[in-house]
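Peer 1: This is query_26.cif (mmCIF, C-alpha atoms).
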data_run
#
loop_
_atom_site.label_atom_id
_atom_site.label_comp_id
_atom_site.auth_asym_id
_atom_site.auth_seq_id
_atom_site.Cartn_x
_atom_site.Cartn_y
_atom_site.Cartn_z
CA MET E 30 170.29 182.74 179.33
CA THR E 31 172.88 181.31 176.96
CA SER E 32 172.82 181.75 173.23
CA VAL E 33 172.78 178.67 171.03
CA ILE E 34 174.37 180.72 168.30
CA THR E 35 178.13 180.54 168.59
CA VAL E 36 180.20 183.10 166.75
CA GLU E 37 183.84 184.02 167.17
CA LYS E 38 184.01 187.61 168.39
CA GLU E 39 186.45 188.66 165.69
CA LYS E 40 186.73 191.11 162.84
CA LEU E 41 186.25 189.37 159.49
CA GLU E 42 187.93 190.69 156.34
CA ASN E 43 184.67 190.18 154.45
CA PRO E 44 181.66 190.26 156.79
CA PRO E 45 178.68 188.33 155.38
CA LEU E 46 176.29 191.31 155.30
CA ASP E 47 176.46 194.96 154.20
CA ILE E 48 175.40 197.64 156.65
CA HIS E 49 173.32 200.39 155.05
CA VAL E 50 173.91 204.02 156.00
CA LEU E 51 171.79 207.07 156.81
CA GLY E 52 170.06 208.29 153.69
CA ASP E 53 169.31 204.78 152.41
CA ARG E 54 165.52 204.32 152.21
CA VAL E 55 165.84 200.70 153.36
CA LEU E 56 166.54 202.01 156.90
CA ARG E 57 163.19 203.80 157.06
CA GLN E 58 160.95 200.80 156.32
CA PRO E 59 159.28 199.12 159.30
CA ALA E 60 160.27 195.50 159.98
CA LYS E 61 157.79 192.64 159.93
CA ARG E 62 157.17 190.21 162.79
CA ILE E 63 158.87 186.86 162.46
CA THR E 64 156.22 184.14 162.39
CA LYS E 65 158.52 181.11 162.51
CA VAL E 66 161.89 180.85 164.24
CA ASP E 67 163.85 178.38 162.13
CA ASP E 68 167.35 177.74 160.78
CA SER E 69 167.07 180.64 158.32
CA ILE E 70 166.46 183.04 161.22
CA ARG E 71 169.35 181.53 163.22
CA LYS E 72 171.62 181.84 160.15
CA LEU E 73 170.60 185.50 159.76
CA ALA E 74 171.30 186.15 163.47
CA LYS E 75 174.74 184.50 163.14
CA GLU E 76 175.60 186.56 160.05
CA MET E 77 174.37 189.72 161.79
CA LEU E 78 176.63 188.97 164.77
CA GLN E 79 179.63 188.35 162.49
CA THR E 80 178.90 191.63 160.69
CA MET E 81 178.44 193.52 163.99
CA TYR E 82 181.72 192.22 165.46
CA SER E 83 183.53 192.99 162.20
CA SER E 84 182.30 196.59 162.45
CA HIS E 85 183.17 196.95 166.17
CA GLY E 86 179.50 197.36 167.09
CA ILE E 87 177.54 196.29 170.15
CA GLY E 88 174.14 196.06 168.47
CA LEU E 89 172.67 195.50 165.03
CA ALA E 90 169.10 195.36 163.74
CA ALA E 91 168.03 193.39 160.67
CA PRO E 92 166.82 196.51 158.78
CA GLN E 93 170.41 197.83 158.90
CA VAL E 94 171.39 194.91 156.65
CA ALA E 95 168.30 195.37 154.43
CA VAL E 96 166.29 192.54 156.01
CA HIS E 97 162.87 193.70 157.14
CA LYS E 98 162.38 191.30 160.01
CA GLN E 99 162.03 192.06 163.72
CA LEU E 100 165.41 190.69 164.74
CA ILE E 101 168.17 192.38 166.72
CA VAL E 102 171.50 191.13 168.02
CA ILE E 103 173.35 192.70 170.95
CA ASP E 104 176.63 192.18 172.76
CA CYS E 105 177.54 194.89 175.26
CA GLU E 106 180.82 193.07 176.00
CA PRO E 107 182.26 192.23 172.57
CA ASP E 108 185.76 191.79 174.06
CA ASN E 109 184.57 189.23 176.61
CA PRO E 110 184.41 185.72 175.06
CA GLU E 111 182.58 184.45 178.17
CA ASN E 112 179.62 186.80 177.63
CA PRO E 113 177.19 185.35 175.06
CA PRO E 114 175.39 187.69 172.67
CA LEU E 115 171.67 188.36 172.96
CA VAL E 116 169.34 187.55 170.08
CA LEU E 117 165.93 189.21 170.34
CA ILE E 118 163.17 188.20 167.94
CA ASN E 119 159.97 190.28 167.82
CA PRO E 120 161.05 192.35 170.86
CA LYS E 121 158.42 194.41 172.64
CA ILE E 122 159.05 196.87 175.45
CA THR E 123 156.52 196.11 178.18
CA ARG E 124 157.66 198.63 180.80
CA VAL E 125 159.86 201.73 180.96
CA SER E 126 161.18 203.59 183.98
CA GLN E 127 160.21 207.18 184.70
CA GLU E 128 163.90 207.88 185.21
CA LEU E 129 165.54 209.16 182.04
CA CYS E 130 169.21 209.46 181.25
CA VAL E 131 171.18 211.26 178.57
CA VAL E 132 174.05 209.32 177.04
CA GLU E 133 176.07 209.69 173.86
CA GLU E 134 175.06 207.22 171.15
CA GLY E 135 176.56 206.16 167.86
CA CYS E 136 175.35 203.82 165.12
CA LEU E 137 176.96 201.48 162.61
CA SER E 138 174.64 203.05 160.00
CA ILE E 139 175.97 206.56 160.77
CA PRO E 140 179.73 205.99 161.16
CA GLY E 141 181.65 208.62 163.11
CA VAL E 142 178.60 210.48 164.42
CA TYR E 143 178.14 210.46 168.21
CA LEU E 144 175.48 212.58 169.91
CA ASP E 145 173.51 212.74 173.17
CA VAL E 146 170.12 210.99 173.27
CA THR E 147 167.60 210.90 176.15
CA ARG E 148 166.04 207.50 176.87
CA PRO E 149 164.48 205.65 179.81
CA LYS E 150 167.18 204.26 182.12
CA THR E 151 165.46 200.90 182.70
CA ILE E 152 163.14 198.85 180.51
CA GLU E 153 161.46 195.47 180.55
CA VAL E 154 161.32 193.69 177.22
CA SER E 155 159.63 190.50 176.06
CA PHE E 156 160.90 188.65 172.99
CA LYS E 157 161.57 185.24 171.52
CA ASP E 158 165.06 183.80 171.67
CA GLU E 159 166.80 182.01 168.79
CA GLN E 160 164.99 178.78 169.74
CA GLY E 161 161.62 180.52 169.51
CA LYS E 162 161.11 180.41 173.30
CA PRO E 163 159.35 183.40 174.89
CA ARG E 164 161.67 185.38 177.16
CA LYS E 165 161.46 188.49 179.30
CA ILE E 166 164.33 190.52 180.69
CA GLN E 167 164.76 193.68 182.66
CA ALA E 168 167.56 195.81 181.27
CA THR E 169 169.18 198.91 182.67
CA ASP E 170 171.90 201.39 181.67
CA LEU E 171 173.86 200.37 178.54
CA LEU E 172 171.85 197.23 177.75
CA ALA E 173 168.55 199.12 178.06
CA ARG E 174 169.90 201.85 175.77
CA VAL E 175 171.18 199.42 173.13
CA ILE E 176 167.88 197.50 173.09
CA GLN E 177 165.91 200.75 172.66
CA HIS E 178 168.32 201.98 169.97
CA GLU E 179 168.09 198.73 167.99
CA MET E 180 164.31 198.48 168.44
CA ASP E 181 164.01 201.96 166.94
CA HIS E 182 165.57 200.53 163.76
CA LEU E 183 162.72 198.01 163.58
CA ASN E 184 160.36 200.99 163.25
CA GLY E 185 162.47 202.91 160.75
CA VAL E 186 163.77 205.32 163.43
CA MET E 187 167.45 206.31 163.67
CA PHE E 188 169.10 207.69 166.82
CA VAL E 189 169.69 211.05 165.11
CA ASP E 190 165.89 211.41 164.90
CA ARG E 191 165.91 211.64 168.72
CA VAL E 192 168.73 214.20 169.11
CA ASP E 193 167.56 217.44 170.78
CA ASN E 194 170.63 219.58 170.03
CA ASP E 195 169.91 220.64 166.45
CA LEU E 196 173.14 222.62 166.03
CA ALA E 197 175.37 219.73 167.16
CA LEU E 198 173.35 217.33 164.99
CA THR E 199 173.73 219.45 161.86
CA GLU E 200 177.46 220.03 162.46
CA LYS E 201 178.25 216.34 163.11
CA LEU E 202 176.28 215.11 160.10
CA GLN E 203 177.91 217.66 157.77
CA GLU E 204 181.35 216.84 159.18
CA LYS E 205 180.86 213.15 158.29
CA GLY E 206 179.20 213.82 154.91
CA PHE E 207 175.61 212.95 155.81
CA SER E 208 172.58 214.98 154.73
CA ARG E 209 170.62 216.80 157.45
CA GLY E 210 167.58 216.10 155.27
CA ALA E 211 167.90 212.37 156.04
CA VAL E 212 166.88 213.03 159.67
CA LYS E 213 163.20 212.53 160.54
CA PRO E 214 162.67 213.98 164.04
CA VAL E 215 160.45 212.06 166.47
CA LYS E 216 159.10 213.37 169.73
#
Using structure tokens, write down the structure from this file.

Peer 2:
Amino acid sequence: MTSVITVEKEKLENPPLDIHVLGDRVLRQPAKRITKVDDSIRKLAKEMLQTMYSSHGIGLAAPQVAVHKQLIVIDCEPDNPENPPLVLINPKITRVSQELCVVEEGCLSIPGVYLDVTRPKTIEVSFKDEQGKPRKIQATDLLARVIQHEMDHLNGVMFVDRVDNDLALTEKLQEKGFSRGAVKPVK
């Protein structure tokens, strides 16, 4: 599956979009389904990719740039020019594995904070691509994790909401200047 959106995988001095950080209410609003995949959506995806690469990220959801649309961009190999990015519009997880794994996560909206999160190891997700075509993929390991992490953003959920170690969470957030009160635990 090749992306029709071509973006240089480089850090821009002035990325086109601003990434909002933990504590900003915009991150807690649920995203709306995209009814029509058109040039405006492709332009948004391209700008999100440019912003993500500029911030050394591997995933970005539209709500992180204050756009409340169900759109996420992912590139688990940002240093590999041969690997095209993934653009997922209106993603929906259709299957999750029973097998869980705990891996350290970070987020462009919570710079410098890295904590362990438990998630299903494998997922199946259906979505529309940047041409509006229905797609379905099975993802495992890092890709599965990034998709789940970014899809959480579409529902106003941040990875810190899923951290079980309360002491580590509080320490890390304080260390980086974030309010513990901005966390909304989910179970």

Peer 1: Taking only C-alpha atoms into account, name the residue in E:Lys205, E:Lys65, E:His182, E:Arg71 that is nearest to Val142 in chain E.

Peer 2: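 The closest residue to Val142 in chain E is E:Lys205.
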
Peer 1: To verify the selection step, state as a VMD selection string which residues the PyMOL selection byres ((chain E and resi 198) around 10) yields on this input.

Peer 2: chain E and resid 142 to 145 189 to 190 192 to 197 199 to 204 209 212

Peer 1: For the file shown, report as a PyMOL selection string the outcome of the PyMOL selection byres ((chain E and resi 105) around 12) at residue level.

Peer 2: chain E and resi 38+81-82+85-89+102-104+106-115+168-176

Peer 1: Could you save the residues just selected, with C-alpha atoms, as a PDB file, in the coordinates of the input?

Peer 2:
ATOM      1  CA  LYS E  38     184.010 187.610 168.390  1.00  0.00           C
ATOM      2  CA  MET E  81     178.440 193.520 163.990  1.00  0.00           C
ATOM      3  CA  TYR E  82     181.720 192.220 165.460  1.00  0.00           C
ATOM      4  CA  HIS E  85     183.170 196.950 166.170  1.00  0.00           C
ATOM      5  CA  GLY E  86     179.500 197.360 167.090  1.00  0.00           C
ATOM      6  CA  ILE E  87     177.540 196.290 170.150  1.00  0.00           C
ATOM      7  CA  GLY E  88     174.140 196.060 168.470  1.00  0.00           C
ATOM      8  CA  LEU E  89     172.670 195.500 165.030  1.00  0.00           C
ATOM      9  CA  VAL E 102     171.500 191.130 168.020  1.00  0.00           C
ATOM     10  CA  ILE E 103     173.350 192.700 170.950  1.00  0.00           C
ATOM     11  CA  ASP E 104     176.630 192.180 172.760  1.00  0.00           C
ATOM     12  CA  GLU E 106     180.820 193.070 176.000  1.00  0.00           C
ATOM     13  CA  PRO E 107     182.260 192.230 172.570  1.00  0.00           C
ATOM     14  CA  ASP E 108     185.760 191.790 174.060  1.00  0.00           C
ATOM     15  CA  ASN E 109     184.570 189.230 176.610  1.00  0.00           C
ATOM     16  CA  PRO E 110     184.410 185.720 175.060  1.00  0.00           C
ATOM     17  CA  GLU E 111     182.580 184.450 178.170  1.00  0.00           C
ATOM     18  CA  ASN E 112     179.620 186.800 177.630  1.00  0.00           C
ATOM     19  CA  PRO E 113     177.190 185.350 175.060  1.00  0.00           C
ATOM     20  CA  PRO E 114     175.390 187.690 172.670  1.00  0.00           C
ATOM     21  CA  LEU E 115     171.670 188.360 172.960  1.00  0.00           C
ATOM     22  CA  ALA E 168     167.560 195.810 181.270  1.00  0.00           C
ATOM     23  CA  THR E 169     169.180 198.910 182.670  1.00  0.00           C
ATOM     24  CA  ASP E 170     171.900 201.390 181.670  1.00  0.00           C
ATOM     25  CA  LEU E 171     173.860 200.370 178.540  1.00  0.00           C
ATOM     26  CA  LEU E 172     171.850 197.230 177.750  1.00  0.00           C
ATOM     27  CA  ALA E 173     168.550 199.120 178.060  1.00  0.00           C
ATOM     28  CA  ARG E 174     169.900 201.850 175.770  1.00  0.00           C
ATOM     29  CA  VAL E 175     171.180 199.420 173.130  1.00  0.00           C
ATOM     30  CA  ILE E 176     167.880 197.500 173.090  1.00  0.00           C
TER      31      ILE E 176
END

Peer 1: Mind telling me what the PyMOL selection byres ((chain E and resi 90-99) around 9) catches here, as a PDB file with C-alpha atoms, keeping the file's coordinate frame?

Peer 2:
ATOM      1  CA  LEU E  46     176.290 191.310 155.300  1.00  0.00           C
ATOM      2  CA  ASP E  47     176.460 194.960 154.200  1.00  0.00           C
ATOM      3  CA  ILE E  48     175.400 197.640 156.650  1.00  0.00           C
ATOM      4  CA  HIS E  49     173.320 200.390 155.050  1.00  0.00           C
ATOM      5  CA  VAL E  50     173.910 204.020 156.000  1.00  0.00           C
ATOM      6  CA  VAL E  55     165.840 200.700 153.360  1.00  0.00           C
ATOM      7  CA  LEU E  56     166.540 202.010 156.900  1.00  0.00           C
ATOM      8  CA  ARG E  57     163.190 203.800 157.060  1.00  0.00           C
ATOM      9  CA  GLN E  58     160.950 200.800 156.320  1.00  0.00           C
ATOM     10  CA  PRO E  59     159.280 199.120 159.300  1.00  0.00           C
ATOM     11  CA  ALA E  60     160.270 195.500 159.980  1.00  0.00           C
ATOM     12  CA  LYS E  61     157.790 192.640 159.930  1.00  0.00           C
ATOM     13  CA  ARG E  62     157.170 190.210 162.790  1.00  0.00           C
ATOM     14  CA  ILE E  63     158.870 186.860 162.460  1.00  0.00           C
ATOM     15  CA  LEU E  73     170.600 185.500 159.760  1.00  0.00           C
ATOM     16  CA  ALA E  74     171.300 186.150 163.470  1.00  0.00           C
ATOM     17  CA  MET E  77     174.370 189.720 161.790  1.00  0.00           C
ATOM     18  CA  GLY E  88     174.140 196.060 168.470  1.00  0.00           C
ATOM     19  CA  LEU E  89     172.670 195.500 165.030  1.00  0.00           C
ATOM     20  CA  LEU E 100     165.410 190.690 164.740  1.00  0.00           C
ATOM     21  CA  ILE E 101     168.170 192.380 166.720  1.00  0.00           C
ATOM     22  CA  VAL E 102     171.500 191.130 168.020  1.00  0.00           C
ATOM     23  CA  ILE E 103     173.350 192.700 170.950  1.00  0.00           C
ATOM     24  CA  LEU E 117     165.930 189.210 170.340  1.00  0.00           C
ATOM     25  CA  ILE E 118     163.170 188.200 167.940  1.00  0.00           C
ATOM     26  CA  ASN E 119     159.970 190.280 167.820  1.00  0.00           C
ATOM     27  CA  PRO E 120     161.050 192.350 170.860  1.00  0.00           C
ATOM     28  CA  LEU E 137     176.960 201.480 162.610  1.00  0.00           C
ATOM     29  CA  SER E 138     174.640 203.050 160.000  1.00  0.00           C
ATOM     30  CA  GLU E 179     168.090 198.730 167.990  1.00  0.00           C
ATOM     31  CA  MET E 180     164.310 198.480 168.440  1.00  0.00           C
ATOM     32  CA  ASP E 181     164.010 201.960 166.940  1.00  0.00           C
ATOM     33  CA  HIS E 182     165.570 200.530 163.760  1.00  0.00           C
ATOM     34  CA  LEU E 183     162.720 198.010 163.580  1.00  0.00           C
ATOM     35  CA  GLY E 185     162.470 202.910 160.750  1.00  0.00           C
TER      36      GLY E 185
END

Peer 1: In Å to one decimal, how far is CA of Ile122 in chain E from CA of Lys150 in chain E?

Peer 2: 12.9 Å

Peer 1: In terms of the shortest atom-to-atom distance over all atoms listed in the file, which of E:Ile34, E:Leu41, E:Ile152, E:Val186 is closest to Lys72 in chain E?

Peer 2: E:Ile34

Peer 1: By how many Å are CA of Lys40 in chain E and CA of Gly141 in chain E apart?

Peer 2: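 Pair CA of Lys40 in chain E / CA of Gly141 in chain E returns 18.2 Å.
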
Peer 1: For a test of reading the model, state the distance in Å between CA of Val116 in chain E and CA of Val36 in chain E, rounded to one decimal.

Peer 2: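 CA of Val36 in chain E lies at a distance of 12.2 Å from CA of Val116 in chain E.
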
Peer 1: Would you please work out which residue, of E:Ile139, E:Leu51, E:Val66, E:Leu129, is nearest to Glu159 in chain E when using all atoms listed in the file?

Peer 2: E:Val66

Peer 1: Would you please work out which residue, of E:Lys121, E:Asp53, E:His178, E:Asp68, is nearest to Gly161 in chain E when using all atoms listed in the file?

Peer 2: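 Looking at the shortest contact to Gly161 in chain E, the residue is E:Asp68.
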
Peer 1: Please determine an axis-aligned box that encloses all atoms of range 146-159 of chain E listed in the file, with 3 Å added on each side, and express its centre and edge lengths in Å to one decimal as AutoDock Vina command-line options.

Peer 2:
--center_x 164.9 --center_y 196.5 --center_z 175.7 --size_x 16.5 --size_y 35.0 --size_z 19.9
